[in-house]
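Source file coords_7.cif; content: mmCIF, C-alpha atoms.
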```cif
data_coords
#
loop_
_atom_site.label_atom_id
_atom_site.label_comp_id
_atom_site.auth_asym_id
_atom_site.auth_seq_id
_atom_site.Cartn_x
_atom_site.Cartn_y
_atom_site.Cartn_z
CA MET A 1 -183.93 -186.65 95.48
CA ALA A 2 -182.78 -186.43 99.09
CA ASP A 3 -184.39 -189.82 99.84
CA ALA A 4 -182.60 -191.37 96.86
CA LEU A 5 -179.29 -190.06 98.13
CA ALA A 6 -179.97 -191.20 101.70
CA ILE A 7 -181.38 -194.68 101.06
CA GLY A 8 -180.68 -195.41 97.39
CA ASN A 9 -177.75 -196.91 95.57
CA GLY A 10 -175.51 -195.04 93.21
CA ALA A 11 -174.81 -196.66 89.85
CA ARG A 12 -172.61 -195.65 86.95
CA VAL A 13 -174.31 -195.87 83.55
CA ASP A 14 -173.12 -195.32 80.01
CA LEU A 15 -173.80 -192.15 78.09
CA SER A 16 -173.40 -191.88 74.33
CA HIS A 17 -172.84 -188.92 72.09
CA VAL A 18 -172.86 -188.08 68.42
CA ASP A 19 -170.73 -185.47 66.67
CA VAL A 20 -172.64 -183.94 63.75
CA ASP A 21 -170.39 -182.13 61.23
CA GLU A 22 -169.18 -178.91 62.94
CA HIS A 23 -171.98 -178.79 65.53
CA PRO A 24 -171.35 -179.35 69.26
CA PRO A 25 -171.70 -182.98 70.41
CA ARG A 26 -175.21 -184.19 71.17
CA TRP A 27 -175.35 -186.44 74.23
CA PHE A 28 -178.05 -189.08 74.56
CA LEU A 29 -179.06 -191.38 77.36
CA ASN A 30 -181.57 -193.43 75.37
CA THR A 31 -181.66 -193.24 71.58
CA ALA A 32 -180.51 -191.46 68.46
CA SER A 33 -181.91 -192.00 65.00
CA LEU A 34 -181.58 -191.08 61.34
CA GLY A 35 -184.26 -191.40 58.69
CA GLY A 36 -187.90 -192.15 59.43
CA TYR A 37 -187.57 -193.48 62.98
CA PRO A 38 -188.44 -190.16 64.75
CA ASP A 39 -191.54 -189.82 62.54
CA MET A 40 -192.54 -193.39 63.38
CA VAL A 41 -192.28 -192.77 67.13
CA ARG A 42 -194.31 -189.55 66.94
CA LEU A 43 -197.07 -191.25 64.92
CA ARG A 44 -197.06 -194.30 67.25
CA GLU A 45 -197.56 -192.03 70.27
CA LYS A 46 -200.47 -190.33 68.55
CA LEU A 47 -202.15 -193.68 67.72
CA THR A 48 -201.40 -195.50 70.99
CA ARG A 49 -204.44 -194.28 72.93
CA ARG A 50 -206.78 -195.66 70.29
CA TRP A 51 -204.96 -198.86 69.25
CA GLY A 52 -202.52 -199.78 72.04
CA LYS A 53 -198.74 -199.58 71.82
CA TRP A 54 -197.89 -202.61 69.63
CA PRO A 55 -200.66 -202.16 67.04
CA ALA A 56 -199.97 -198.41 66.95
CA GLY A 57 -196.27 -199.14 66.40
CA ALA A 58 -197.03 -201.47 63.50
CA ILE A 59 -199.40 -198.96 61.87
CA ALA A 60 -196.88 -196.14 62.32
CA LEU A 61 -194.05 -198.24 60.89
CA VAL A 62 -196.03 -199.16 57.77
CA ARG A 63 -197.12 -195.55 57.17
CA VAL A 64 -193.65 -194.07 57.62
CA LEU A 65 -191.90 -196.73 55.53
CA ALA A 66 -194.45 -196.26 52.74
CA LYS A 67 -193.63 -192.53 52.48
CA SER A 68 -189.90 -192.46 53.19
CA ALA A 69 -187.06 -192.23 50.69
CA PRO A 70 -183.99 -194.44 51.15
CA LEU A 71 -180.78 -192.99 52.56
CA HIS A 72 -177.44 -193.53 50.80
CA LEU A 73 -174.95 -194.03 53.65
CA THR A 74 -171.61 -195.39 54.64
CA ILE A 75 -171.84 -197.18 57.99
CA ASN A 76 -168.40 -197.91 59.44
CA ASN A 77 -166.83 -197.70 55.95
CA GLU A 78 -169.41 -199.94 54.24
CA ARG A 79 -171.85 -198.50 51.66
CA HIS A 80 -175.52 -199.09 52.39
CA LEU A 81 -178.92 -198.02 51.14
CA VAL A 82 -181.24 -197.92 54.17
CA TRP A 83 -184.68 -196.73 55.24
CA MET A 84 -183.80 -195.76 58.81
CA VAL A 85 -181.06 -196.13 61.43
CA PHE A 86 -181.62 -196.59 65.18
CA VAL A 87 -178.79 -196.17 67.70
CA GLY A 88 -179.51 -197.08 71.31
CA ASN A 89 -177.32 -196.25 74.29
CA GLY A 90 -176.77 -199.75 75.69
CA SER A 91 -178.06 -203.13 74.56
CA TYR A 92 -181.78 -203.15 73.85
CA ARG A 93 -184.06 -206.19 73.88
CA PRO A 94 -185.63 -208.02 72.23
CA LYS A 95 -183.09 -208.76 69.53
CA GLY A 96 -184.58 -209.11 66.08
CA PHE A 97 -187.58 -206.90 66.80
CA ALA A 98 -188.48 -203.37 67.83
CA PRO A 99 -186.13 -202.32 70.64
CA THR A 100 -188.11 -201.78 73.85
CA THR A 101 -186.15 -202.70 77.01
CA ARG A 102 -182.64 -202.43 78.43
CA PHE A 103 -181.61 -204.71 81.28
CA GLU A 104 -178.07 -203.33 81.42
CA LEU A 105 -176.96 -199.73 81.17
CA ASP A 106 -173.24 -200.33 81.57
CA THR A 107 -172.11 -202.48 78.64
CA GLY A 108 -170.06 -199.75 76.92
CA LEU A 109 -171.89 -200.60 73.68
CA MET A 110 -174.47 -198.99 71.45
CA ASP A 111 -177.30 -201.03 69.91
CA VAL A 112 -177.44 -200.23 66.18
CA ARG A 113 -180.31 -201.38 63.96
CA TYR A 114 -181.11 -200.46 60.40
CA ILE A 115 -183.43 -201.50 57.62
CA ARG A 116 -181.80 -202.18 54.26
CA ALA A 117 -183.38 -200.60 51.20
CA ASP A 118 -181.29 -202.48 48.60
CA VAL A 119 -183.18 -205.78 48.89
CA PRO A 120 -186.23 -206.34 46.64
CA PHE A 121 -189.48 -205.63 48.51
CA SER A 122 -187.42 -204.70 51.59
CA ARG A 123 -190.15 -202.66 53.28
CA LEU A 124 -192.73 -205.41 52.86
CA ARG A 125 -190.25 -208.09 53.94
CA PHE A 126 -189.32 -206.04 57.01
CA VAL A 127 -192.96 -205.61 58.05
CA PHE A 128 -193.69 -209.33 57.61
CA GLY A 129 -190.52 -210.23 59.52
CA ALA A 130 -191.52 -207.92 62.36
CA VAL A 131 -195.09 -209.23 62.52
CA LEU A 132 -193.96 -212.87 62.42
CA GLY A 133 -191.10 -212.33 64.89
CA ALA A 134 -188.53 -213.42 62.31
CA LEU A 135 -186.46 -210.27 61.83
CA HIS A 136 -183.32 -212.00 63.06
CA ARG A 137 -183.49 -214.12 59.87
CA SER A 138 -184.49 -211.29 57.52
CA LYS A 139 -182.09 -210.00 54.85
CA THR A 140 -183.60 -206.54 55.26
CA TYR A 141 -182.77 -206.07 58.95
CA ARG A 142 -179.31 -205.53 60.41
CA HIS A 143 -178.26 -205.40 64.06
CA LEU A 144 -174.85 -204.47 65.51
CA GLU A 145 -173.49 -203.76 68.97
CA VAL A 146 -170.51 -201.39 68.79
CA SER A 147 -168.70 -198.84 70.93
CA GLU A 148 -168.18 -196.47 67.97
CA LEU A 149 -170.14 -195.84 64.79
CA ASP A 150 -169.33 -193.61 61.83
CA VAL A 151 -172.15 -192.71 59.42
CA LYS A 152 -171.60 -190.65 56.28
CA VAL A 153 -174.57 -189.44 54.22
CA TYR A 154 -174.37 -189.13 50.45
CA GLY A 155 -176.70 -186.47 49.11
CA LYS A 156 -178.60 -183.81 50.99
CA PRO A 157 -177.92 -183.36 54.71
CA ILE A 158 -180.39 -185.10 57.03
CA ARG A 159 -181.51 -184.46 60.59
CA ILE A 160 -180.68 -186.51 63.62
CA ALA A 161 -182.97 -187.04 66.58
CA THR A 162 -181.55 -187.73 70.04
CA ASP A 163 -183.76 -188.72 72.96
CA GLY A 164 -186.82 -187.51 71.09
CA GLU A 165 -185.38 -184.07 70.22
CA VAL A 166 -184.78 -183.19 66.58
CA GLY A 167 -181.23 -182.02 66.04
CA PRO A 168 -179.18 -180.31 63.36
CA LEU A 169 -178.75 -181.25 59.72
CA GLY A 170 -175.59 -183.12 58.85
CA THR A 171 -173.79 -185.40 56.47
CA ARG A 172 -171.35 -186.98 58.96
CA PHE A 173 -172.42 -188.55 62.25
CA ARG A 174 -169.79 -189.99 64.61
CA PHE A 175 -171.30 -191.92 67.51
CA SER A 176 -169.40 -193.00 70.60
CA ALA A 177 -170.36 -194.82 73.80
CA GLN A 178 -168.84 -193.43 76.99
CA PRO A 179 -168.75 -196.21 79.60
CA ALA A 180 -169.81 -195.30 83.15
CA ALA A 181 -169.99 -191.59 82.27
CA LEU A 182 -173.05 -190.77 84.39
CA THR A 183 -173.87 -191.52 88.02
CA VAL A 184 -177.53 -192.10 88.85
CA TYR A 185 -179.21 -192.90 92.16
CA ARG A 186 -181.95 -195.47 92.44
#
```
Take the structure in the file and give it back as structure tokens.
Amino acid sequence: MADALAIGNGARVDLSHVDVDEHPPRWFLNTASLGGYPDMVRLREKLTRRWGKWPAGAIALVRVLAKSAPLHLTINNERHLVWMVFVGNGSYRPKGFAPTTRFELDTGLMDVRYIRADVPFSRLRFVFGAVLGALHRSKTYRHLEVSELDVKVYGKPIRIATDGEVGPLGTRFRFSAQPAALTVYR
């Protein structure tokens, strides 16, 4: 740490947070998710040693999507039926595929991706789109970059995960990007 302060550069990076019902805000530096995404990541990590990251990710995605129930949500005042929602702090790449890399941490935006459940054969279409690298053309996959996001759940409360930690149950999730809120040294 002392070396970083002495010879490194300071940089301001974005930090995002989500307000869940009456609970205190949950801050996240990397990701937040609703639905099956946390389960997919945990299963991928378990399978990675045997299969490698990308094959393990594909296997985990298929398994989780096969078992999950769709979520009835309002996303920024629009009704949706979805399988899972991913919210990244900053703009992730590649677009139209599984988010893996961020080249910028100071855009003031959150990377939002979700899989629609209201399209016939949506899970199968999503998997084929991901495997073929054609998600950007798929009717089942949606991608937004926003500074604020409001998600309302219809039905039973669901859990949120932030930066790999499972959080509280809720029915209302208000996300917000905070530009240049954290100083890091590199």
What are the nearest atom pairs, with distances in Å to one decimal, for all residues of segment 52-131 of chain A that come at most 12 Å from segment 171-174 of chain A, using only C-alpha atoms, set out by chain and rising residue number as CSV?
```
residue,atom,partner,partner_atom,distance
A:Leu71,CA,A:Thr171,CA,11.0
A:His72,CA,A:Thr171,CA,10.6
A:Leu73,CA,A:Thr171,CA,9.2
A:Thr74,CA,A:Arg172,CA,9.5
A:Ile75,CA,A:Phe173,CA,9.6
A:Asn76,CA,A:Arg174,CA,9.6
A:Asn77,CA,A:Arg174,CA,12.0
A:Val85,CA,A:Phe173,CA,11.5
A:Val87,CA,A:Phe173,CA,11.3
```
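For the choices A:Leu15, A:Met40, A:Ala161, A:Leu81, the atom-to-atom distance to Asp118 of chain A is smallest for A:Leu81 when using all atoms listed in the file.
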(Q) Given the PyMOL selection byres ((chain A and resi 105) around 6) and the file above, list the residues it selects as a ChimeraX atom specification. (A) /A:13-14,90,104,106
(Q) Just the number, please: distance in Å from atom CA of Gly57 of chain A to atom CA of Gly164 of chain A, one decimal. (A)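 Interatomic distance, atom CA of Gly57 of chain A to atom CA of Gly164 of chain A: 15.7 Å.
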Q. In terms of the shortest atom-to-atom distance over all atoms listed in the file, which of A:Leu182, A:Phe126, A:Arg137, A:Phe86 is closest to Ala58 of chain A?
A. A:Phe126
Q.
Selection in question (the file shown): the PyMOL selection byres ((chain A and resi 10) around 7). Which residues does it include, as number ranges by chain?
A. A: 8-9, 11-12, 183-186
(Q) Considering all atoms listed in the file, can you say which of A:Ala177, A:Val146, A:Val166, A:Val41 comes closest to Thr100 of chain A? (A)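 Going through A:Ala177, A:Val146, A:Val166, A:Val41 one by one, the smallest distance to Thr100 of chain A is for A:Val41.
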Q. Using only C-alpha atoms, which residues sit within 7 Å of Arg159 of chain A once same-chain residues fewer than 6 positions away are excluded, as a PyMOL selection string?
A. chain A and resi 34+166-170
Q: Would you mind listing what lies within 12 Å of Ala130 of chain A as a VMD selection string, with all atoms listed in the file counted and same-chain residues fewer than 5 positions away left out?
A: chain A and resid 54 to 55 57 to 59 61 to 62 94 to 99 115 122 to 125 135 to 138 140 to 141
Take the residues just selected and output them with C-alpha atoms as a PDB file, in the frame of the given file.
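What ended up in selection.pdb:
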```pdb
ATOM      1  CA  TRP A  54    -197.890-202.610  69.630  1.00  0.00           C
ATOM      2  CA  PRO A  55    -200.660-202.160  67.040  1.00  0.00           C
ATOM      3  CA  GLY A  57    -196.270-199.140  66.400  1.00  0.00           C
ATOM      4  CA  ALA A  58    -197.030-201.470  63.500  1.00  0.00           C
ATOM      5  CA  ILE A  59    -199.400-198.960  61.870  1.00  0.00           C
ATOM      6  CA  LEU A  61    -194.050-198.240  60.890  1.00  0.00           C
ATOM      7  CA  VAL A  62    -196.030-199.160  57.770  1.00  0.00           C
ATOM      8  CA  PRO A  94    -185.630-208.020  72.230  1.00  0.00           C
ATOM      9  CA  LYS A  95    -183.090-208.760  69.530  1.00  0.00           C
ATOM     10  CA  GLY A  96    -184.580-209.110  66.080  1.00  0.00           C
ATOM     11  CA  PHE A  97    -187.580-206.900  66.800  1.00  0.00           C
ATOM     12  CA  ALA A  98    -188.480-203.370  67.830  1.00  0.00           C
ATOM     13  CA  PRO A  99    -186.130-202.320  70.640  1.00  0.00           C
ATOM     14  CA  ILE A 115    -183.430-201.500  57.620  1.00  0.00           C
ATOM     15  CA  SER A 122    -187.420-204.700  51.590  1.00  0.00           C
ATOM     16  CA  ARG A 123    -190.150-202.660  53.280  1.00  0.00           C
ATOM     17  CA  LEU A 124    -192.730-205.410  52.860  1.00  0.00           C
ATOM     18  CA  ARG A 125    -190.250-208.090  53.940  1.00  0.00           C
ATOM     19  CA  LEU A 135    -186.460-210.270  61.830  1.00  0.00           C
ATOM     20  CA  HIS A 136    -183.320-212.000  63.060  1.00  0.00           C
ATOM     21  CA  ARG A 137    -183.490-214.120  59.870  1.00  0.00           C
ATOM     22  CA  SER A 138    -184.490-211.290  57.520  1.00  0.00           C
ATOM     23  CA  THR A 140    -183.600-206.540  55.260  1.00  0.00           C
ATOM     24  CA  TYR A 141    -182.770-206.070  58.950  1.00  0.00           C
TER      25      TYR A 141
END
```
Assuming the chain letters and numbering stay as they are in my file, what does the PyMOL selection byres ((chain A and resi 28) around 6) actually select? List them as a CSV table (one decimal) with C-alpha atoms, keeping the file's coordinate frame.
```
chain,number,residue,atom,x,y,z
A,16,SER,CA,-173.4,-191.9,74.3
A,17,HIS,CA,-172.8,-188.9,72.1
A,27,TRP,CA,-175.4,-186.4,74.2
A,29,LEU,CA,-179.1,-191.4,77.4
A,30,ASN,CA,-181.6,-193.4,75.4
A,162,THR,CA,-181.6,-187.7,70.0
A,163,ASP,CA,-183.8,-188.7,73.0
```
(Q) Show me the residues around (-191.2, -194.8, 50.4) - criterion: an atom at most 12 Å away, only C-alpha atoms counted - as a list in words. (A)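 Residues satisfying the cut-off, written out: Gly35, Gly36, Leu61, Val62, Arg63, Val64, Leu65, Ala66, Lys67, Ser68, Ala69, Pro70, Leu71, Val82, Trp83, Met84, Ala117, Phe121, Ser122, Arg123 and Leu124 of chain A.
Reported to one decimal place, the separation of atom CA of Arg113 of chain A from atom CA of Glu145 of chain A is 8.8 Å.
Atom CA of Ser91 of chain A to atom CA of Arg49 of chain A spans 27.9 Å [interatomic distance, one decimal].
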(Q) Let me make sure I understand: among A:Ala6, A:Val119, A:Val127, A:Val151, which one has the smallest atom-to-atom distance to Lys139 of chain A if we use only C-alpha atoms? (A) A:Val119
Q | Top pick for closest residue to Arg93 of chain A, considering A:Tyr154, A:Ser33, A:Asp111, A:Phe128 and counting only C-alpha atoms | A | A:Asp111
As lines of an AutoDock Vina configuration file, what would the box around segment 113-117 of chain A look like: edges along x, y and z, 8 Å added on every side, centre and edge lengths in Å to one decimal?
```
center_x = -181.9
center_y = -201.3
center_z = 57.6
size_x = 19.1
size_y = 17.7
size_z = 28.8
```
Q. In terms of the shortest atom-to-atom distance over only C-alpha atoms, which of A:Asp150, A:Lys156, A:Pro179, A:Gly129 is closest to Val20 of chain A?
A.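 When distances to Val20 of chain A are compared using only C-alpha atoms, the smallest one comes from A:Asp150.
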